[in-house]
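Raw start.cif, mmCIF, C-alpha atoms:
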data_query
loop_
_atom_site.group_PDB
_atom_site.id
_atom_site.type_symbol
_atom_site.label_atom_id
_atom_site.label_comp_id
_atom_site.auth_asym_id
_atom_site.auth_seq_id
_atom_site.Cartn_x
_atom_site.Cartn_y
_atom_site.Cartn_z
ATOM 1 C CA MET E 267 -25.352 18.830 36.496
ATOM 2 C CA ARG E 268 -27.482 21.943 36.598
ATOM 3 C CA LYS E 269 -30.337 22.277 34.161
ATOM 4 C CA SER E 270 -28.683 25.266 32.545
ATOM 5 C CA HIS E 271 -25.491 23.281 31.912
ATOM 6 C CA LEU E 272 -27.439 20.379 30.522
ATOM 7 C CA ALA E 273 -29.249 22.719 28.157
ATOM 8 C CA VAL E 274 -25.941 24.169 26.951
ATOM 9 C CA LEU E 275 -24.551 20.665 26.410
ATOM 10 C CA LEU E 276 -27.575 19.510 24.416
ATOM 11 C CA ALA E 277 -27.585 22.694 22.351
ATOM 12 C CA SER E 278 -23.885 22.227 21.569
ATOM 13 C CA LEU E 279 -24.321 18.636 20.491
ATOM 14 C CA ALA E 280 -27.296 19.569 18.325
ATOM 15 C CA CYS E 281 -25.268 22.360 16.760
ATOM 16 C CA PHE E 282 -22.281 20.131 16.013
ATOM 17 C CA GLY E 283 -24.551 17.432 14.719
ATOM 18 C CA GLY E 284 -26.122 19.935 12.373
ATOM 19 C CA VAL E 285 -22.802 20.808 10.814
ATOM 20 C CA GLY E 286 -21.562 17.220 10.905
ATOM 21 C CA VAL E 287 -19.444 15.892 8.083
ATOM 22 C CA ALA E 288 -21.414 14.126 5.386
ATOM 23 C CA GLN E 289 -20.661 10.416 5.240
ATOM 24 C CA ALA E 290 -21.111 8.189 2.256
ATOM 25 C CA GLU E 291 -23.972 5.752 2.131
ATOM 26 C CA ALA E 292 -22.979 2.121 1.814
ATOM 27 C CA THR E 293 -24.943 -0.640 0.126
ATOM 28 C CA GLU E 294 -24.012 -4.301 0.161
ATOM 29 C CA TYR E 295 -25.314 -5.334 -3.247
ATOM 30 C CA VAL E 296 -24.376 -8.973 -2.864
ATOM 31 C CA HIS E 297 -23.398 -11.119 0.125
ATOM 32 C CA HIS E 298 -21.125 -14.168 -0.093
ATOM 33 C CA VAL E 299 -21.853 -14.804 -3.740
ATOM 34 C CA GLY E 300 -20.053 -17.636 -5.495
ATOM 35 C CA VAL E 301 -18.129 -16.502 -8.570
ATOM 36 C CA GLU E 302 -16.461 -18.912 -10.965
ATOM 37 C CA SER E 303 -12.763 -18.579 -11.787
ATOM 38 C CA GLY E 304 -12.181 -15.633 -14.103
ATOM 39 C CA ALA E 305 -15.854 -14.644 -14.076
ATOM 40 C CA ASN E 306 -17.520 -11.370 -13.109
ATOM 41 C CA TYR E 307 -20.556 -10.652 -10.949
ATOM 42 C CA PHE E 308 -22.228 -7.347 -11.828
ATOM 43 C CA GLY E 309 -24.255 -5.285 -9.364
ATOM 44 C CA PRO E 310 -27.121 -2.900 -10.111
ATOM 45 C CA PHE E 311 -26.898 0.165 -12.345
ATOM 46 C CA VAL E 312 -26.689 3.000 -9.800
ATOM 47 C CA ALA E 313 -25.017 6.297 -9.013
ATOM 48 C CA LEU E 314 -21.856 5.528 -7.099
ATOM 49 C CA PHE E 315 -18.338 6.753 -6.405
ATOM 50 C CA ALA E 316 -16.788 3.588 -4.997
ATOM 51 C CA SER E 317 -16.917 -0.177 -5.426
ATOM 52 C CA GLU E 318 -15.479 -2.617 -2.890
ATOM 53 C CA VAL E 319 -14.981 -6.366 -2.709
ATOM 54 C CA ILE E 320 -14.403 -8.406 0.422
ATOM 55 C CA GLY E 321 -13.384 -12.005 0.076
ATOM 56 C CA ALA E 322 -15.264 -14.658 2.018
ATOM 57 C CA GLY E 323 -13.375 -17.650 0.662
ATOM 58 C CA SER E 324 -9.753 -18.389 -0.116
ATOM 59 C CA GLY E 325 -9.756 -16.808 -3.582
ATOM 60 C CA ILE E 326 -8.545 -13.349 -4.551
ATOM 61 C CA GLY E 327 -11.377 -11.043 -5.573
ATOM 62 C CA CYS E 328 -11.226 -7.790 -7.470
ATOM 63 C CA ALA E 329 -13.521 -4.732 -7.507
ATOM 64 C CA GLY E 330 -14.397 -2.586 -10.484
ATOM 65 C CA ILE E 331 -16.846 -0.050 -11.849
ATOM 66 C CA ARG E 332 -17.997 -1.081 -15.297
ATOM 67 C CA GLY E 333 -16.614 1.023 -18.114
ATOM 68 C CA VAL E 334 -15.105 3.613 -15.784
ATOM 69 C CA SER E 335 -12.289 2.150 -13.709
ATOM 70 C CA GLY E 336 -9.789 -0.627 -13.816
ATOM 71 C CA VAL E 337 -10.328 -3.699 -11.684
ATOM 72 C CA VAL E 338 -8.386 -3.739 -8.415
ATOM 73 C CA CYS E 339 -7.578 -6.972 -6.601
ATOM 74 C CA GLU E 340 -7.415 -7.817 -2.902
ATOM 75 C CA PRO E 341 -3.970 -7.974 -1.254
ATOM 76 C CA GLU E 342 -4.826 -11.342 0.281
ATOM 77 C CA PRO E 343 -7.875 -13.593 0.620
ATOM 78 C CA GLY E 344 -10.397 -12.066 2.976
ATOM 79 C CA ALA E 345 -8.948 -8.581 2.731
ATOM 80 C CA SER E 346 -10.577 -5.535 1.166
ATOM 81 C CA ALA E 347 -9.997 -3.907 -2.211
ATOM 82 C CA ALA E 348 -11.831 -0.887 -3.547
ATOM 83 C CA VAL E 349 -11.774 1.668 -6.308
ATOM 84 C CA ILE E 350 -12.741 5.197 -5.301
ATOM 85 C CA LEU E 351 -13.631 7.834 -7.911
ATOM 86 C CA THR E 352 -13.395 11.604 -7.765
ATOM 87 C CA SER E 353 -17.102 11.965 -8.559
ATOM 88 C CA ASP E 354 -20.373 10.098 -8.541
ATOM 89 C CA ILE E 355 -21.055 8.377 -11.835
ATOM 90 C CA ALA E 356 -23.817 6.130 -13.141
ATOM 91 C CA SER E 357 -22.565 2.596 -13.703
ATOM 92 C CA GLU E 358 -22.419 -0.901 -12.239
ATOM 93 C CA PRO E 359 -20.113 -2.103 -9.461
ATOM 94 C CA TYR E 360 -18.739 -5.566 -10.084
ATOM 95 C CA ILE E 361 -16.671 -8.381 -8.639
ATOM 96 C CA HIS E 362 -14.055 -10.326 -10.591
ATOM 97 C CA ASN E 363 -12.722 -13.652 -9.324
ATOM 98 C CA HIS E 364 -8.953 -13.715 -9.929
ATOM 99 C CA ALA E 365 -8.540 -17.200 -8.439
ATOM 100 C CA THR E 366 -8.229 -20.420 -10.401
ATOM 101 C CA PHE E 367 -11.228 -21.839 -8.557
ATOM 102 C CA LYS E 368 -14.745 -20.771 -7.602
ATOM 103 C CA SER E 369 -14.703 -18.520 -4.569
ATOM 104 C CA PHE E 370 -17.065 -16.358 -2.530
ATOM 105 C CA PHE E 371 -17.206 -12.599 -2.147
ATOM 106 C CA SER E 372 -19.323 -9.743 -0.856
ATOM 107 C CA GLY E 373 -19.714 -6.574 -2.902
ATOM 108 C CA TRP E 374 -20.405 -3.025 -1.693
ATOM 109 C CA TYR E 375 -20.956 0.258 -3.440
ATOM 110 C CA TYR E 376 -20.922 3.767 -1.990
ATOM 111 C CA THR E 377 -22.799 6.893 -2.940
ATOM 112 C CA MET X 805 -28.160 41.051 55.495
ATOM 113 C CA SER X 806 -25.472 40.417 52.968
ATOM 114 C CA GLU X 807 -26.051 39.914 49.269
ATOM 115 C CA ARG X 808 -23.992 37.710 46.982
ATOM 116 C CA PRO X 809 -21.884 39.947 44.685
ATOM 117 C CA ARG X 810 -23.461 40.072 41.266
ATOM 118 C CA PHE X 811 -20.217 39.222 39.393
ATOM 119 C CA GLY X 812 -18.252 37.483 42.091
ATOM 120 C CA TRP X 813 -16.420 34.171 42.142
ATOM 121 C CA TYR X 814 -19.676 32.232 41.990
ATOM 122 C CA SER X 815 -20.607 33.843 38.684
ATOM 123 C CA VAL X 816 -17.141 33.350 37.264
ATOM 124 C CA ARG X 817 -17.243 29.670 38.208
ATOM 125 C CA ARG X 818 -20.649 29.278 36.570
ATOM 126 C CA LEU X 819 -19.314 30.947 33.452
ATOM 127 C CA LEU X 820 -16.238 28.676 33.341
ATOM 128 C CA VAL X 821 -18.351 25.565 33.803
ATOM 129 C CA GLY X 822 -20.695 26.821 31.113
ATOM 130 C CA ILE X 823 -17.787 27.146 28.695
ATOM 131 C CA ALA X 824 -16.027 23.950 29.693
ATOM 132 C CA VAL X 825 -19.022 21.681 29.196
ATOM 133 C CA PRO X 826 -19.641 22.593 25.535
ATOM 134 C CA LEU X 827 -15.890 22.546 24.849
ATOM 135 C CA MET X 828 -15.712 19.005 26.182
ATOM 136 C CA ALA X 829 -18.703 18.121 24.023
ATOM 137 C CA LEU X 830 -16.941 19.657 21.014
ATOM 138 C CA ALA X 831 -13.788 17.654 21.688
ATOM 139 C CA GLY X 832 -15.760 14.453 21.975
ATOM 140 C CA THR X 833 -17.682 15.210 18.806
ATOM 141 C CA LEU X 834 -14.513 15.915 16.848
ATOM 142 C CA VAL X 835 -12.950 12.668 18.029
ATOM 143 C CA VAL X 836 -16.006 10.767 16.836
ATOM 144 C CA LEU X 837 -16.067 12.598 13.513
ATOM 145 C CA GLY X 838 -12.323 12.291 13.136
ATOM 146 C CA GLY X 839 -12.454 8.905 11.535
ATOM 147 C CA GLY X 840 -11.463 6.521 14.229
ATOM 148 C CA GLY X 841 -8.648 8.324 15.878
ATOM 149 C CA ALA X 842 -5.916 5.787 15.218
ATOM 150 C CA PRO X 843 -2.711 7.768 15.335
ATOM 151 C CA ALA X 844 -0.207 7.693 12.496
ATOM 152 C CA THR X 845 2.250 5.736 14.517
ATOM 153 C CA ALA X 846 5.108 4.067 12.706
ATOM 154 C CA SER X 847 5.065 0.803 14.540
ATOM 155 C CA SER X 848 2.825 -1.638 16.288
ATOM 156 C CA ALA X 849 4.137 -2.438 19.734
ATOM 157 C CA ALA X 850 2.171 -5.662 19.812
ATOM 158 C CA SER X 851 3.544 -7.069 16.560
ATOM 159 C CA GLY X 852 6.945 -5.370 16.390
ATOM 160 C CA VAL X 853 6.223 -4.488 12.761
ATOM 161 C CA SER X 854 7.085 -0.968 11.703
ATOM 162 C CA TYR X 855 6.485 1.216 8.644
ATOM 163 C CA THR X 856 8.714 4.269 8.664
ATOM 164 C CA ALA X 857 6.700 5.803 5.809
ATOM 165 C CA LEU X 858 3.803 6.305 8.225
ATOM 166 C CA SER X 859 5.924 8.891 10.042
ATOM 167 C CA SER X 860 6.413 11.131 7.020
ATOM 168 C CA SER X 861 5.497 14.783 7.492
ATOM 169 C CA GLU X 862 5.344 15.628 3.781
ATOM 170 C CA PRO X 863 2.070 16.905 2.317
ATOM 171 C CA THR X 864 -0.033 14.034 1.016
ATOM 172 C CA GLY X 865 -1.057 15.730 -2.222
ATOM 173 C CA LEU X 866 -4.382 13.938 -1.891
ATOM 174 C CA PRO X 867 -7.212 16.458 -1.400
ATOM 175 C CA LEU X 868 -9.900 15.386 1.029
ATOM 176 C CA VAL X 869 -13.501 15.922 -0.055
ATOM 177 C CA GLU X 870 -16.585 16.035 2.135
ATOM 178 C CA SER X 871 -18.916 14.556 -0.449
ATOM 179 C CA HIS X 872 -18.844 13.352 -4.014
ATOM 180 C CA GLN X 873 -20.651 15.329 -6.692
ATOM 181 C CA PRO X 874 -21.712 14.156 -10.137
ATOM 182 C CA ALA X 875 -18.841 14.162 -12.607
ATOM 183 C CA SER X 876 -20.345 17.020 -14.619
ATOM 184 C CA SER X 877 -20.249 19.368 -11.608
ATOM 185 C CA SER X 878 -16.811 18.413 -10.363
ATOM 186 C CA ASN X 879 -13.817 20.516 -11.310
ATOM 187 C CA GLN X 880 -11.307 18.235 -9.597
ATOM 188 C CA SER X 881 -9.055 16.690 -12.225
ATOM 189 C CA GLY X 882 -6.696 14.786 -9.945
ATOM 190 C CA PRO X 883 -7.454 12.124 -7.357
ATOM 191 C CA THR X 884 -9.350 12.902 -4.167
ATOM 192 C CA TRP X 885 -10.185 10.975 -1.035
ATOM 193 C CA PRO X 886 -13.290 10.988 1.207
ATOM 194 C CA ALA X 887 -12.634 13.043 4.329
ATOM 195 C CA GLN X 888 -14.620 10.457 6.265
ATOM 196 C CA PRO X 889 -14.664 6.739 5.492
ATOM 197 C CA PRO X 890 -18.154 5.340 5.048
ATOM 198 C CA GLN X 891 -19.440 4.335 8.466
ATOM 199 C CA GLU X 892 -19.958 0.714 7.453
ATOM 200 C CA ALA X 893 -16.422 0.503 6.068
ATOM 201 C CA ALA X 894 -14.555 2.407 8.772
ATOM 202 C CA GLY X 895 -12.729 -0.676 10.030
ATOM 203 C CA ARG X 896 -11.650 -1.830 6.582
ATOM 204 C CA TRP X 897 -10.757 1.521 5.027
ATOM 205 C CA PRO X 898 -7.774 3.760 5.756
ATOM 206 C CA VAL X 899 -7.880 6.069 8.750
ATOM 207 C CA THR X 900 -7.779 9.411 6.974
ATOM 208 C CA SER X 901 -5.432 11.070 9.437
ATOM 209 C CA THR X 902 -2.780 8.377 8.865
ATOM 210 C CA ILE X 903 -2.538 8.738 5.069
ATOM 211 C CA ARG X 904 1.040 9.508 3.996
ATOM 212 C CA ARG X 905 2.517 9.900 0.529
ATOM 213 C CA LEU X 906 4.892 7.277 -0.829
ATOM 214 C CA SER X 907 7.730 7.725 -3.281
ATOM 215 C CA LEU X 908 7.518 5.218 -6.138
ATOM 216 C CA SER X 909 10.227 4.231 -8.572
ATOM 217 C CA VAL X 910 7.716 4.097 -11.451
ATOM 218 C CA PRO X 911 7.103 7.505 -13.092
ATOM 219 C CA GLY X 912 3.511 8.664 -13.442
ATOM 220 C CA LEU X 913 2.157 6.712 -10.505
ATOM 221 C CA SER X 914 1.189 8.146 -7.131
ATOM 222 C CA ALA X 915 0.700 6.094 -3.994
ATOM 223 C CA TRP X 916 -0.036 6.482 -0.322
ATOM 224 C CA ILE X 917 0.219 4.366 2.808
ATOM 225 C CA ALA X 918 -2.220 4.389 5.724
ATOM 226 C CA ARG X 919 -3.364 2.347 8.661
ATOM 227 C CA SER X 920 -6.748 0.702 8.374
ATOM 228 C CA GLY X 921 -9.358 1.313 11.027
ATOM 229 C CA ALA X 922 -9.039 -2.299 12.149
ATOM 230 C CA GLY X 923 -5.251 -2.179 12.515
ATOM 231 C CA GLY X 924 -4.143 -3.483 9.133
ATOM 232 C CA ILE X 925 -2.069 -1.610 6.587
ATOM 233 C CA CYS X 926 -3.336 -0.003 3.382
ATOM 234 C CA VAL X 927 -1.930 1.119 0.077
ATOM 235 C CA LEU X 928 -3.631 3.627 -2.218
ATOM 236 C CA LEU X 929 -2.659 3.920 -5.880
ATOM 237 C CA TYR X 930 -3.427 6.480 -8.581
ATOM 238 C CA ASP X 931 -2.398 5.658 -12.156
ATOM 239 C CA GLY X 932 -2.317 9.273 -13.297
ATOM 240 C CA VAL X 933 -4.806 8.769 -16.124
ATOM 241 C CA PRO X 934 -8.294 10.269 -15.627
ATOM 242 C CA ALA X 935 -10.970 8.511 -17.658
ATOM 243 C CA GLY X 936 -14.250 10.116 -18.653
ATOM 244 C CA GLY X 937 -13.597 13.118 -16.436
ATOM 245 C CA VAL X 938 -13.025 11.136 -13.271
ATOM 246 C CA SER X 939 -9.922 9.890 -11.514
ATOM 247 C CA ALA X 940 -9.800 6.595 -9.681
ATOM 248 C CA VAL X 941 -7.810 5.731 -6.572
ATOM 249 C CA ASP X 942 -7.319 2.014 -6.051
ATOM 250 C CA MET X 943 -7.127 0.807 -2.479
ATOM 251 C CA GLY X 944 -6.094 -2.410 -0.819
ATOM 252 C CA CYS X 945 -6.016 -2.969 2.938
ATOM 253 C CA SER X 946 -4.633 -5.987 4.731
ATOM 254 C CA SER X 947 -6.346 -7.654 7.621
ATOM 255 C CA PRO X 948 -4.852 -6.833 11.044
ATOM 256 C CA GLU X 949 -3.214 -10.272 10.933
ATOM 257 C CA GLY X 950 -1.650 -9.339 7.588
ATOM 258 C CA LEU X 951 0.156 -6.286 8.965
ATOM 259 C CA ALA X 952 3.527 -8.051 8.878
ATOM 260 C CA ARG X 953 3.094 -9.049 5.212
ATOM 261 C CA GLY X 954 2.041 -5.609 4.019
ATOM 262 C CA ALA X 955 -0.610 -4.783 1.452
ATOM 263 C CA SER X 956 -0.752 -4.488 -2.309
ATOM 264 C CA VAL X 957 -3.083 -3.658 -5.151
ATOM 265 C CA GLU X 958 -2.969 -4.939 -8.699
ATOM 266 C CA VAL X 959 -5.021 -3.074 -11.266
ATOM 267 C CA SER X 960 -5.819 -4.200 -14.786
ATOM 268 C CA GLU X 961 -8.298 -3.333 -17.544
ATOM 269 C CA ILE X 962 -7.532 0.334 -16.915
ATOM 270 C CA PRO X 963 -9.277 2.777 -19.268
ATOM 271 C CA GLY X 964 -6.552 4.717 -21.016
ATOM 272 C CA LEU X 965 -3.921 2.040 -20.389
ATOM 273 C CA PRO X 966 -5.075 -0.909 -22.513
ATOM 274 C CA GLY X 967 -3.186 -4.134 -21.918
ATOM 275 C CA LYS X 968 -1.294 -2.762 -18.937
ATOM 276 C CA THR X 969 -1.286 -4.071 -15.405
ATOM 277 C CA ILE X 970 -0.135 -1.855 -12.557
ATOM 278 C CA ALA X 971 0.739 -3.078 -9.098
ATOM 279 C CA ALA X 972 1.972 -1.329 -5.991
ATOM 280 C CA GLY X 973 2.402 -2.316 -2.402
ATOM 281 C CA VAL X 974 3.765 -1.518 0.992
ATOM 282 C CA VAL X 975 5.957 -3.786 3.095
ATOM 283 C CA PRO X 976 7.438 -3.388 6.585
ATOM 284 C CA ASP X 977 10.818 -1.847 7.362
ATOM 285 C CA GLY X 978 13.687 -4.132 6.417
ATOM 286 C CA VAL X 979 12.138 -5.569 3.249
ATOM 287 C CA THR X 980 14.303 -4.613 0.275
ATOM 288 C CA ALA X 981 12.586 -6.316 -2.670
ATOM 289 C CA VAL X 982 9.359 -8.054 -3.648
ATOM 290 C CA THR X 983 9.353 -10.883 -6.175
ATOM 291 C CA THR X 984 6.153 -11.898 -7.930
ATOM 292 C CA THR X 985 5.374 -14.858 -10.161
ATOM 293 C CA MET X 986 3.547 -13.614 -13.241
ATOM 294 C CA ALA X 987 0.735 -15.234 -15.207
ATOM 295 C CA ASP X 988 3.152 -16.486 -17.895
ATOM 296 C CA GLY X 989 5.354 -18.178 -15.287
ATOM 297 C CA SER X 990 8.116 -15.574 -15.317
ATOM 298 C CA THR X 991 9.141 -13.714 -12.171
ATOM 299 C CA GLU X 992 9.524 -10.001 -11.627
ATOM 300 C CA THR X 993 11.402 -8.391 -8.762
ATOM 301 C CA ALA X 994 10.580 -4.854 -7.688
ATOM 302 C CA PRO X 995 12.953 -2.937 -5.404
ATOM 303 C CA VAL X 996 11.526 -1.453 -2.209
ATOM 304 C CA LYS X 997 12.177 2.156 -1.283
ATOM 305 C CA GLY X 998 10.583 3.827 1.703
ATOM 306 C CA ASN X 999 8.332 0.803 2.362
ATOM 307 C CA ALA X 1000 6.932 1.008 -1.195
ATOM 308 C CA TRP X 1001 7.273 -0.993 -4.398
ATOM 309 C CA ALA X 1002 5.572 -0.824 -7.782
ATOM 310 C CA ARG X 1003 5.626 -2.396 -11.212
ATOM 311 C CA VAL X 1004 3.998 -1.804 -14.575
ATOM 312 C CA GLY X 1005 3.808 -4.433 -17.265
ATOM 313 C CA ASP X 1006 1.636 -6.392 -19.616
ATOM 314 C CA GLN X 1007 1.307 -9.414 -17.320
ATOM 315 C CA PRO X 1008 -0.846 -9.800 -14.228
ATOM 316 C CA ALA X 1009 0.425 -11.811 -11.299
ATOM 317 C CA ALA X 1010 -0.304 -15.501 -11.459
ATOM 318 C CA ALA X 1011 -3.547 -16.368 -9.732
ATOM 319 C CA GLY X 1012 -3.077 -17.839 -6.299
ATOM 320 C CA GLN X 1013 0.598 -16.899 -6.014
ATOM 321 C CA GLN X 1014 1.866 -14.929 -3.024
ATOM 322 C CA SER X 1015 4.743 -12.519 -3.576
ATOM 323 C CA THR X 1016 8.066 -13.278 -1.918
ATOM 324 C CA GLU X 1017 9.733 -10.620 0.185
ATOM 325 C CA THR X 1018 13.504 -10.206 0.415
ATOM 326 C CA ILE X 1019 14.802 -8.889 3.725
ATOM 327 C CA GLY X 1020 18.112 -7.079 3.853
ATOM 328 C CA GLY X 1021 20.855 -6.745 1.226
#
Show me the file's structure as structure tokens.
Amino acid sequence: MRKSHLAVLLASLACFGGVGVAQAEATEYVHHVGVESGANYFGPFVALFASEVIGAGSGIGCAGIRGVSGVVCEPEPGASAAVILTSDIASEPYIHNHATFKSFFSGWYYT
Amino acid sequence: MSERPRFGWYSVRRLLVGIAVPLMALAGTLVVLGGGGAPATASSAASGVSYTALSSSEPTGLPLVESHQPASSSNQSGPTWPAQPPQEAAGRWPVTSTIRRLSLSVPGLSAWIARSGAGGICVLLYDGVPAGGVSAVDMGCSSPEGLARGASVEVSEIPGLPGKTIAAGVVPDGVTAVTTTMADGSTETAPVKGNAWARVGDQPAAAGQQSTETIGG
């Protein structure tokens, strides 16, 4: 490839990168935490627009945002459930264990 | 001594190459930014499982937003969806281009179906009740292995709907009803229409119970 073509290519990529679509930032606030049956695990107080739970055990986990959203439960153990808001708000993401036994989950929030 | 024409074929070819290279770069960039590129196909050839609702051409009615602003600066009253899934969640979350609206039998609820980036199936649910100036979309995505069982979400402790539990799900073509054992031991059967089912009540599903799907009449 000629130098001039290479320069055009690099300039194009830089240009498209500059106008690239903004992506949310993800934070795993807890990894494989054990939560007792019916109990909640609360994450940090942060600005966020989404809260997600991913099951690591055989229990059904649920994700919520304290005081703002309902709590939404996984379709099946090991799947993903999330609540996504219209706007960023200041609150705490949390995990609820819907199973009748202690199980393990990872929790994420997005901002 | 002959001179190369100033604007001859050689120059035209250089110009075409000069245009083609950045266009190819643009196409590649858009594919990368496009959220995974999984097409909104209605069936998985590998599994034989199909979801006709994924082929709908109706408007989704779910505005896509590039970024989320603080609630005080947002003028969006209804639900929205991120135009791009978070990079770390791209496999688990819906592929934006595959989101299709569902028709639910329960008034006031809105729902959507989508493929997940990893090859599972997703359901998105909006309860129609903004709380504190924000609307919440609830999302559940199956694992790729769970594609044949479908996906569901059950939402409780909803601000504005005290004591109510809402559930919605998607199931493959051919499933006509979904029966769930509730926390009090009773059972509830929801009819399926267009791959979708929903229920609203004062009981959550019993912990640890899988719903039963009815196929055919």
Inset, instruction - Could you tell me which residues the PyMOL selection byres ((chain X and resi 917-926) around 6) returns for this structure, as an MDAnalysis selection string? - result: chainID X and resid 894:899 902:904 916 927 944:948 951 955
Legend entry - Counting all atoms listed in the file, the option among X:Pro911, X:Gly954, X:Gly989, X:Pro863 closest to chain E: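 Using all atoms listed in the file, chain E sits closest to X:Gly954.
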Legend entry - Selected residue, from X:Glu1017, X:Glu870, X:Glu862, X:Asp1006, that lies nearest to Gly978 (chain X) when counting only C-alpha atoms: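 Residue with the minimum atom-to-atom distance to Gly978 (chain X): X:Glu1017.
Among the candidates X:Ala940, X:Leu965, X:Ile1019, X:Leu913, the one nearest to chain E when counting all atoms listed in the file is X:Ala940.
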Inset, instruction - Expand the PyMOL selection byres ((chain E and resi 368) around 7) into the individual residues it matches in the shown file, reporting them as a PyMOL selection string. - result: chain E and resi 300-303+367+369
Okay, now the selection with C-alpha atoms, as a PDB file, in the frame of the given file?
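Produced file part04.pdb, reproduced below:
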ATOM      1  CA  GLY E 300     -20.053 -17.636  -5.495  1.00  0.00           C
ATOM      2  CA  VAL E 301     -18.129 -16.502  -8.570  1.00  0.00           C
ATOM      3  CA  GLU E 302     -16.461 -18.912 -10.965  1.00  0.00           C
ATOM      4  CA  SER E 303     -12.763 -18.579 -11.787  1.00  0.00           C
ATOM      5  CA  PHE E 367     -11.228 -21.839  -8.557  1.00  0.00           C
ATOM      6  CA  SER E 369     -14.703 -18.520  -4.569  1.00  0.00           C
TER       7      SER E 369
END
Legend entry - Residues near Tyr360 (chain E), cut-off 6 Å, only C-alpha atoms, skip fewer than 5 positions along chain, as a count of residues only: 5
Inset, instruction - Report as a count of residues only the residues that result from applying the PyMOL selection byres ((chain E and resi 327) around 7) to the structure here. - result: 13
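Relative to CA of Pro341 (chain E), CA of Asp931 (chain X) is found at 17.5 Å.
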Inset, instruction - Point out the residue among X:Ala887, X:Ala952, X:Ala1011, X:Ala893 with the least atom-to-atom distance to Val853 (chain X), counting all atoms listed in the file. - result: X:Ala952
Legend entry - region 958-960 of chain X environment, 9 Å, all atoms listed in the file, sequence neighbours closer than 5 positions dropped, as a list in words: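 Neighbouring residues, sequence-local ones excluded: Cys328, Gly336, Val337, Val338, Cys339, Glu340 and Pro341 of chain E; Asp942, Gly944, Leu965, Pro966, Gly967, Lys968, Thr969, Ile970, Ala971, Ala972, Gly973, Pro1008 and Ala1009 of chain X.
Distances here use only C-alpha atoms; by that measure, the residue among X:Ser859, X:Gln891, X:Ser854, X:Thr980 closest to chain E is X:Gln891.
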Inset, instruction - Report the distance between CA of Leu906 (chain X) and CA of Asn999 (chain X) in Å, rounded to one decimal place. - result: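 CA of Leu906 (chain X) sits 8.0 Å away from CA of Asn999 (chain X).
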Legend entry - X:Gly865, X:Gly950, X:Gly1020, X:Gly912 ranked by distance to chain E, top pick (using only C-alpha atoms): X:Gly950
For a cut-off of 12 Å around (-25.1, -0.3, -4.0), file coordinates, pick out all residues using all atoms listed in the file and list them as a PDB file with C-alpha atoms, keeping the file's coordinate frame.
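To be explicit, this is the file written out as point16.pdb:
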ATOM      1  CA  ALA E 290     -21.111   8.189   2.256  1.00  0.00           C
ATOM      2  CA  GLU E 291     -23.972   5.752   2.131  1.00  0.00           C
ATOM      3  CA  ALA E 292     -22.979   2.121   1.814  1.00  0.00           C
ATOM      4  CA  THR E 293     -24.943  -0.640   0.126  1.00  0.00           C
ATOM      5  CA  GLU E 294     -24.012  -4.301   0.161  1.00  0.00           C
ATOM      6  CA  TYR E 295     -25.314  -5.334  -3.247  1.00  0.00           C
ATOM      7  CA  VAL E 296     -24.376  -8.973  -2.864  1.00  0.00           C
ATOM      8  CA  HIS E 297     -23.398 -11.119   0.125  1.00  0.00           C
ATOM      9  CA  PHE E 308     -22.228  -7.347 -11.828  1.00  0.00           C
ATOM     10  CA  GLY E 309     -24.255  -5.285  -9.364  1.00  0.00           C
ATOM     11  CA  PRO E 310     -27.121  -2.900 -10.111  1.00  0.00           C
ATOM     12  CA  PHE E 311     -26.898   0.165 -12.345  1.00  0.00           C
ATOM     13  CA  VAL E 312     -26.689   3.000  -9.800  1.00  0.00           C
ATOM     14  CA  ALA E 313     -25.017   6.297  -9.013  1.00  0.00           C
ATOM     15  CA  LEU E 314     -21.856   5.528  -7.099  1.00  0.00           C
ATOM     16  CA  PHE E 315     -18.338   6.753  -6.405  1.00  0.00           C
ATOM     17  CA  ALA E 316     -16.788   3.588  -4.997  1.00  0.00           C
ATOM     18  CA  SER E 317     -16.917  -0.177  -5.426  1.00  0.00           C
ATOM     19  CA  GLU E 318     -15.479  -2.617  -2.890  1.00  0.00           C
ATOM     20  CA  VAL E 319     -14.981  -6.366  -2.709  1.00  0.00           C
ATOM     21  CA  ILE E 331     -16.846  -0.050 -11.849  1.00  0.00           C
ATOM     22  CA  ALA E 356     -23.817   6.130 -13.141  1.00  0.00           C
ATOM     23  CA  SER E 357     -22.565   2.596 -13.703  1.00  0.00           C
ATOM     24  CA  GLU E 358     -22.419  -0.901 -12.239  1.00  0.00           C
ATOM     25  CA  PRO E 359     -20.113  -2.103  -9.461  1.00  0.00           C
ATOM     26  CA  TYR E 360     -18.739  -5.566 -10.084  1.00  0.00           C
ATOM     27  CA  SER E 372     -19.323  -9.743  -0.856  1.00  0.00           C
ATOM     28  CA  GLY E 373     -19.714  -6.574  -2.902  1.00  0.00           C
ATOM     29  CA  TRP E 374     -20.405  -3.025  -1.693  1.00  0.00           C
ATOM     30  CA  TYR E 375     -20.956   0.258  -3.440  1.00  0.00           C
ATOM     31  CA  TYR E 376     -20.922   3.767  -1.990  1.00  0.00           C
ATOM     32  CA  THR E 377     -22.799   6.893  -2.940  1.00  0.00           C
TER      33      THR E 377
END
Legend entry - Separation of CA of Thr366 (chain E) from CA of Gln1007 (chain X), in Å and rounded to one decimal: 16.1 Å
Emit as AutoDock Vina command-line options the padded axis-aligned box for all listed atoms of region 988-1000 of chain X, 8 Å per side, with centre and edge lengths in Å to one decimal.
--center_x 8.1 --center_y -7.2 --center_z -7.8 --size_x 25.8 --size_y 38.0 --size_z 36.3
Legend entry - Residues near Ser939 (chain X), cut-off 8 Å, all atoms listed in the file, skip fewer than 2 positions along chain, as a PyMOL selection string: (chain E and resi 351-352) or (chain X and resi 881-884+930+932-935+937+941)
